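**Q** Contents of my_file_12.txt (compact mmCIF, C-alpha atoms and all ligand atoms) are given next:
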```txt
# COMPACT_ATOMS: atom_id res chain seq x y z
CA MET A 1 0.00 0.00 0.00
CA LYS A 2 1.31 3.47 -0.89
CA ARG A 3 2.28 5.72 2.00
CA ILE A 4 -0.46 8.29 1.23
CA GLU A 5 -3.16 5.55 1.08
CA LYS A 6 -1.94 4.21 4.38
CA ARG A 7 -2.10 7.70 5.92
CA VAL A 8 -5.69 8.15 4.67
CA GLN A 9 -6.58 4.77 6.18
CA VAL A 10 -5.08 5.76 9.53
CA VAL A 11 -6.79 9.18 9.54
CA SER A 12 -10.18 7.72 8.58
CA SER A 13 -9.90 5.08 11.27
CA HIS A 14 -9.41 7.97 13.69
CA LEU A 15 -12.55 9.76 12.44
CA SER A 16 -14.78 6.72 12.60
CA PRO A 17 -13.30 3.97 14.74
CA PRO A 18 -14.87 0.51 14.55
CA VAL A 19 -17.07 -0.25 17.54
CA HIS A 20 -14.77 -2.86 19.02
CA PHE A 21 -11.84 -0.42 19.06
CA ARG A 22 -13.72 2.36 20.87
CA GLN A 23 -11.98 3.70 23.92
CA ALA A 24 -14.92 3.38 26.35
CA SER A 25 -15.50 -0.37 25.92
CA MET A 26 -11.75 -1.01 25.89
CA THR A 27 -11.24 0.88 29.12
CA THR A 28 -14.03 -0.91 30.97
CA SER A 29 -13.00 -4.47 30.10
CA GLU A 30 -9.29 -3.83 30.55
CA LYS A 31 -9.91 -2.14 33.86
CA ASP A 32 -12.15 -4.95 35.08
CA ALA A 33 -9.52 -7.55 34.14
CA ALA A 34 -6.78 -5.54 35.82
CA LEU A 35 -8.72 -5.03 39.02
CA THR A 36 -9.59 -8.73 39.17
CA ALA A 37 -6.01 -9.87 38.57
CA VAL A 38 -3.94 -10.54 41.66
CA PRO A 39 -0.29 -9.52 41.30
CA SER A 40 1.71 -12.71 41.86
CA ASP A 41 4.60 -14.92 40.80
CA SER A 42 2.27 -17.75 39.77
CA PRO A 43 2.38 -19.07 36.21
CA THR A 44 0.16 -17.11 33.82
CA ILE A 45 -1.70 -17.75 30.60
CA PHE A 46 1.45 -16.56 28.78
CA ASP A 47 3.36 -19.67 29.97
CA LYS A 48 0.76 -21.76 28.16
CA ILE A 49 1.18 -19.61 25.06
CA ILE A 50 4.99 -19.95 25.22
CA ASN A 51 4.68 -23.74 25.62
CA LYS A 52 2.10 -23.86 22.79
CA GLU A 53 -0.41 -25.44 25.16
CA ILE A 54 -2.95 -22.89 23.96
CA PRO A 55 -2.99 -21.38 20.49
CA SER A 56 -1.88 -17.89 19.60
CA THR A 57 -1.00 -16.10 16.41
CA VAL A 58 2.76 -15.77 16.63
CA VAL A 59 4.28 -12.99 14.52
CA PHE A 60 7.89 -13.22 15.74
CA GLU A 61 9.88 -15.68 17.79
CA ASP A 62 13.50 -16.29 18.70
CA ASP A 63 15.23 -18.01 21.60
CA LYS A 64 14.52 -15.16 24.02
CA VAL A 65 11.22 -13.53 23.04
CA LEU A 66 7.81 -14.30 21.61
CA ALA A 67 5.47 -11.86 19.89
CA PHE A 68 1.84 -12.75 19.26
CA ARG A 69 -1.45 -11.01 18.49
CA ASP A 70 -3.52 -9.83 21.45
CA ILE A 71 -6.75 -11.79 21.82
CA ALA A 72 -8.69 -8.57 22.41
CA PRO A 73 -7.12 -6.07 19.99
CA GLN A 74 -7.55 -2.38 20.77
CA ALA A 75 -6.46 -1.32 17.30
CA PRO A 76 -6.05 -2.92 13.86
CA THR A 77 -2.59 -4.03 15.00
CA HIS A 78 -2.16 -5.12 18.62
CA ILE A 79 0.75 -7.39 19.43
CA LEU A 80 2.25 -8.49 22.73
CA VAL A 81 6.00 -9.02 23.07
CA ILE A 82 7.07 -11.16 26.02
CA PRO A 83 10.24 -12.77 27.34
CA LYS A 84 10.18 -16.57 27.11
CA VAL A 85 11.74 -16.76 30.56
CA ARG A 86 10.05 -14.43 33.05
CA ASP A 87 12.92 -14.49 35.57
CA GLY A 88 10.99 -12.53 38.20
CA LEU A 89 9.75 -9.92 35.74
CA THR A 90 6.09 -10.14 36.62
CA GLY A 91 6.00 -6.47 35.71
CA LEU A 92 8.33 -3.57 34.97
CA SER A 93 8.29 -2.49 38.61
CA LYS A 94 10.14 -5.72 39.45
CA ALA A 95 13.02 -4.94 37.08
CA GLU A 96 16.57 -5.24 38.36
CA GLU A 97 19.83 -4.39 36.66
CA ARG A 98 20.25 -7.98 35.43
CA HIS A 99 17.08 -7.50 33.35
CA CYS A 100 18.52 -4.68 31.24
CA GLU A 101 19.40 -6.96 28.34
CA ILE A 102 15.98 -8.61 28.07
CA LEU A 103 14.22 -5.26 28.53
CA GLY A 104 16.23 -3.85 25.63
CA ARG A 105 15.47 -6.92 23.55
CA LEU A 106 11.74 -6.59 24.20
CA LEU A 107 11.79 -3.00 22.95
CA TYR A 108 13.94 -3.84 19.94
CA THR A 109 11.60 -6.71 19.08
CA ALA A 110 8.68 -4.29 19.36
CA LYS A 111 10.37 -2.12 16.73
CA LEU A 112 10.98 -5.13 14.45
CA VAL A 113 7.37 -6.23 14.78
CA ALA A 114 6.06 -2.71 14.07
CA LYS A 115 8.17 -2.64 10.91
CA GLN A 116 6.98 -6.10 9.92
CA GLU A 117 3.37 -4.95 10.39
CA GLY A 118 3.97 -1.93 8.17
CA LEU A 119 3.39 0.63 10.93
CA ASP A 120 5.62 3.13 9.13
CA ASP A 121 3.62 6.17 10.27
CA GLY A 122 4.08 5.35 13.92
CA PHE A 123 2.74 3.18 16.67
CA ARG A 124 2.35 3.09 20.42
CA ILE A 125 4.28 1.04 22.96
CA VAL A 126 2.56 0.35 26.28
CA ILE A 127 3.78 -1.45 29.39
CA ASN A 128 1.02 -1.58 32.01
CA ASP A 129 2.24 -2.08 35.55
CA GLY A 130 0.23 -3.15 38.58
CA PRO A 131 -3.46 -2.62 39.34
CA SER A 132 -3.34 1.15 38.89
CA GLY A 133 -1.48 0.70 35.61
CA CYS A 134 -4.23 -1.67 34.39
CA GLN A 135 -2.00 -4.75 34.26
CA SER A 136 -3.98 -7.99 34.05
CA VAL A 137 -1.30 -10.59 33.23
CA TYR A 138 1.71 -10.78 35.55
CA HIS A 139 4.35 -11.75 33.00
CA ILE A 140 5.96 -8.58 31.67
CA HIS A 141 4.79 -7.70 28.18
CA VAL A 142 5.12 -4.84 25.74
CA HIS A 143 1.98 -3.89 23.82
CA VAL A 144 2.63 -2.79 20.23
CA ILE A 145 -0.48 -0.94 19.08
CA GLY A 146 -1.01 0.70 15.72
CA GLY A 147 -2.96 1.06 12.50
CA ARG A 148 -5.12 3.91 13.76
CA GLN A 149 -4.54 7.39 15.14
CA MET A 150 -3.68 7.28 18.85
CA ASN A 151 -4.95 9.89 21.30
CA TRP A 152 -3.28 11.65 24.20
CA PRO A 153 -3.65 11.55 27.14
CA PRO A 154 -4.30 7.80 27.35
CA GLY A 155 -7.22 6.63 29.48
P1 LIG B 1 -2.26 -6.14 30.41
O1 LIG B 1 -3.67 -5.75 30.72
O2 LIG B 1 -1.72 -7.06 31.49
O3 LIG B 1 -1.36 -5.00 30.12
O4 LIG B 1 -2.31 -6.95 29.06
C1 LIG B 1 -2.64 -8.30 28.98
C2 LIG B 1 -3.10 -8.54 27.58
O5 LIG B 1 -3.13 -9.94 27.35
C3 LIG B 1 -4.51 -8.01 27.30
O6 LIG B 1 -4.45 -7.04 26.27
C4 LIG B 1 -5.29 -9.25 26.90
O7 LIG B 1 -6.20 -9.02 25.86
C5 LIG B 1 -4.19 -10.22 26.48
N1 LIG B 1 -4.52 -11.61 26.67
C6 LIG B 1 -5.05 -12.18 27.80
N2 LIG B 1 -5.22 -13.50 27.62
C7 LIG B 1 -4.80 -13.77 26.37
C8 LIG B 1 -4.74 -14.98 25.61
O8 LIG B 1 -5.11 -16.07 26.05
N3 LIG B 1 -4.22 -14.88 24.35
C9 LIG B 1 -3.81 -13.69 23.82
N4 LIG B 1 -3.34 -13.72 22.56
N5 LIG B 1 -3.86 -12.55 24.51
C10 LIG B 1 -4.35 -12.58 25.77
```
Just give me the structure as structure tokens.
**A**
Amino acid sequence: MKRIEKRVQVVSSHLSPPVHFRQASMTTSEKDAALTAVPSDSPTIFDKIINKEIPSTVVFEDDKVLAFRDIAPQAPTHILVIPKVRDGLTGLSKAEERHCEILGRLLYTAKLVAKQEGLDDGFRIVINDGPSGCQSVYHIHVHVIGGRQMNWPPG
């Protein structure tokens, strides 16, 4: 798709967003999930995705990270990038200096995935942390969200 066509698509998606991408419904369900989730070190649904015990649409994988499509996308492109080994990183607030390499790799993978998805006009990276940050799965993950115009401030 030509750059100008892509831009028109992004702008029009901003003017008339599909119902399932609307901010209000997204905020409610995400918030409910986050407030229900109990921060813990227990295995999460992402372990099952890593071990291929439940299906996911994988868009990138190497020995350290996995990137797959979010089951409840908040935009035309919504991908989660996670470390294959959690190593205590239930969330960003648990990061220690030894995690610097994997944290960098998660962000670099997010950039690779955005490129692969053709998000040449830009995209948003989100890391929710803790109940107030609306985190619902306690295995650190980077959201890569794009394909429509983002708003600021976020909800
Ligand atoms: P958080 O709210 O913790 O920042 O993000 C967790 C994300 O994981 C949510 O966007 C949610 O839709 C996604 N998610 C939860 N369970 C599954 C699942 O089983 N498969 C996939 N692909 N995504 C999931």
**Q** What residues of the protein or nucleic acid chains come within 6 Å of ligand LIG 1 (chain B) when you use all atoms listed in the file? Reply as number ranges by chain.
**A** A: 30, 34, 45, 56, 69-72, 128, 134-137
**Q** Any idea what the distance is between atom CA of Val85 of chain A and atom CA of Arg105 of chain A?
**A** 12.6 Å
**Q** Find the residues around Ile125 of chain A up to 9 Å (only C-alpha atoms counted), leave out those fewer than 2 positions away in its own chain, and share them as an NGL selection string.
**A** :A and (107 or 110 or 123 or 127 or 142-146)
**Q** Of the candidates A:Gly155, A:Phe68, A:His78, A:Gly118, which shows the shortest atom-to-atom distance to Gly133 of chain A, using all atoms listed in the file?
**A**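 Checking each candidate against Gly133 of chain A, we get A:Gly155 as the closest.
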**Q** Rounded to one decimal, what separation in Å do you get between atom CA of Glu61 of chain A and atom CA of Pro43 of chain A?
**A**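 Between atom CA of Glu61 of chain A and atom CA of Pro43 of chain A the gap is 20.2 Å.
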**Q** Could you tell me how far atom CA of Ala37 of chain A sits from atom CA of Ala95 of chain A, in Å to one decimal place?
**A**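 Distance between the two atoms: 19.7 Å.
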**Q** I'd like the neighbourhood of Asp47 of chain A as a list in words, where a residue qualifies if any of its atoms comes within 9 Å (using only C-alpha atoms), though same-chain residues fewer than 6 positions away should be ignored.
**A** Glu53, Lys84, Val85 and His139 of chain A
**Q** Of the candidates A:Asp129, A:Asp41, A:Asp121, A:Asp62, which shows the shortest atom-to-atom distance to Leu106 of chain A, using all atoms listed in the file?
**A**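 Looking only at the distances to Leu106 of chain A, the closest residue turns out to be A:Asp62.
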**Q** So which one's closest to Gly130 of chain A, A:Ala33, A:Leu66, A:Val113, A:Ile102? Using all atoms listed in the file, please.
**A**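 For Gly130 of chain A, the nearest of the candidates is A:Ala33.
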**Q** Looking at all atoms listed in the file, which of A:Pro39, A:Gly122, A:Pro83, A:Pro153 is the one that sits closest to Gly104 of chain A?
**A**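 Among A:Pro39, A:Gly122, A:Pro83, A:Pro153, it is A:Pro83 that comes nearest to Gly104 of chain A.
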**Q** Can you work out which one of A:Lys48, A:Lys64, A:Lys31, A:Lys115 has the shortest atom-to-atom distance to Glu101 of chain A, counting only C-alpha atoms?
**A**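 Nearest candidate to Glu101 of chain A out of A:Lys48, A:Lys64, A:Lys31, A:Lys115: A:Lys64.
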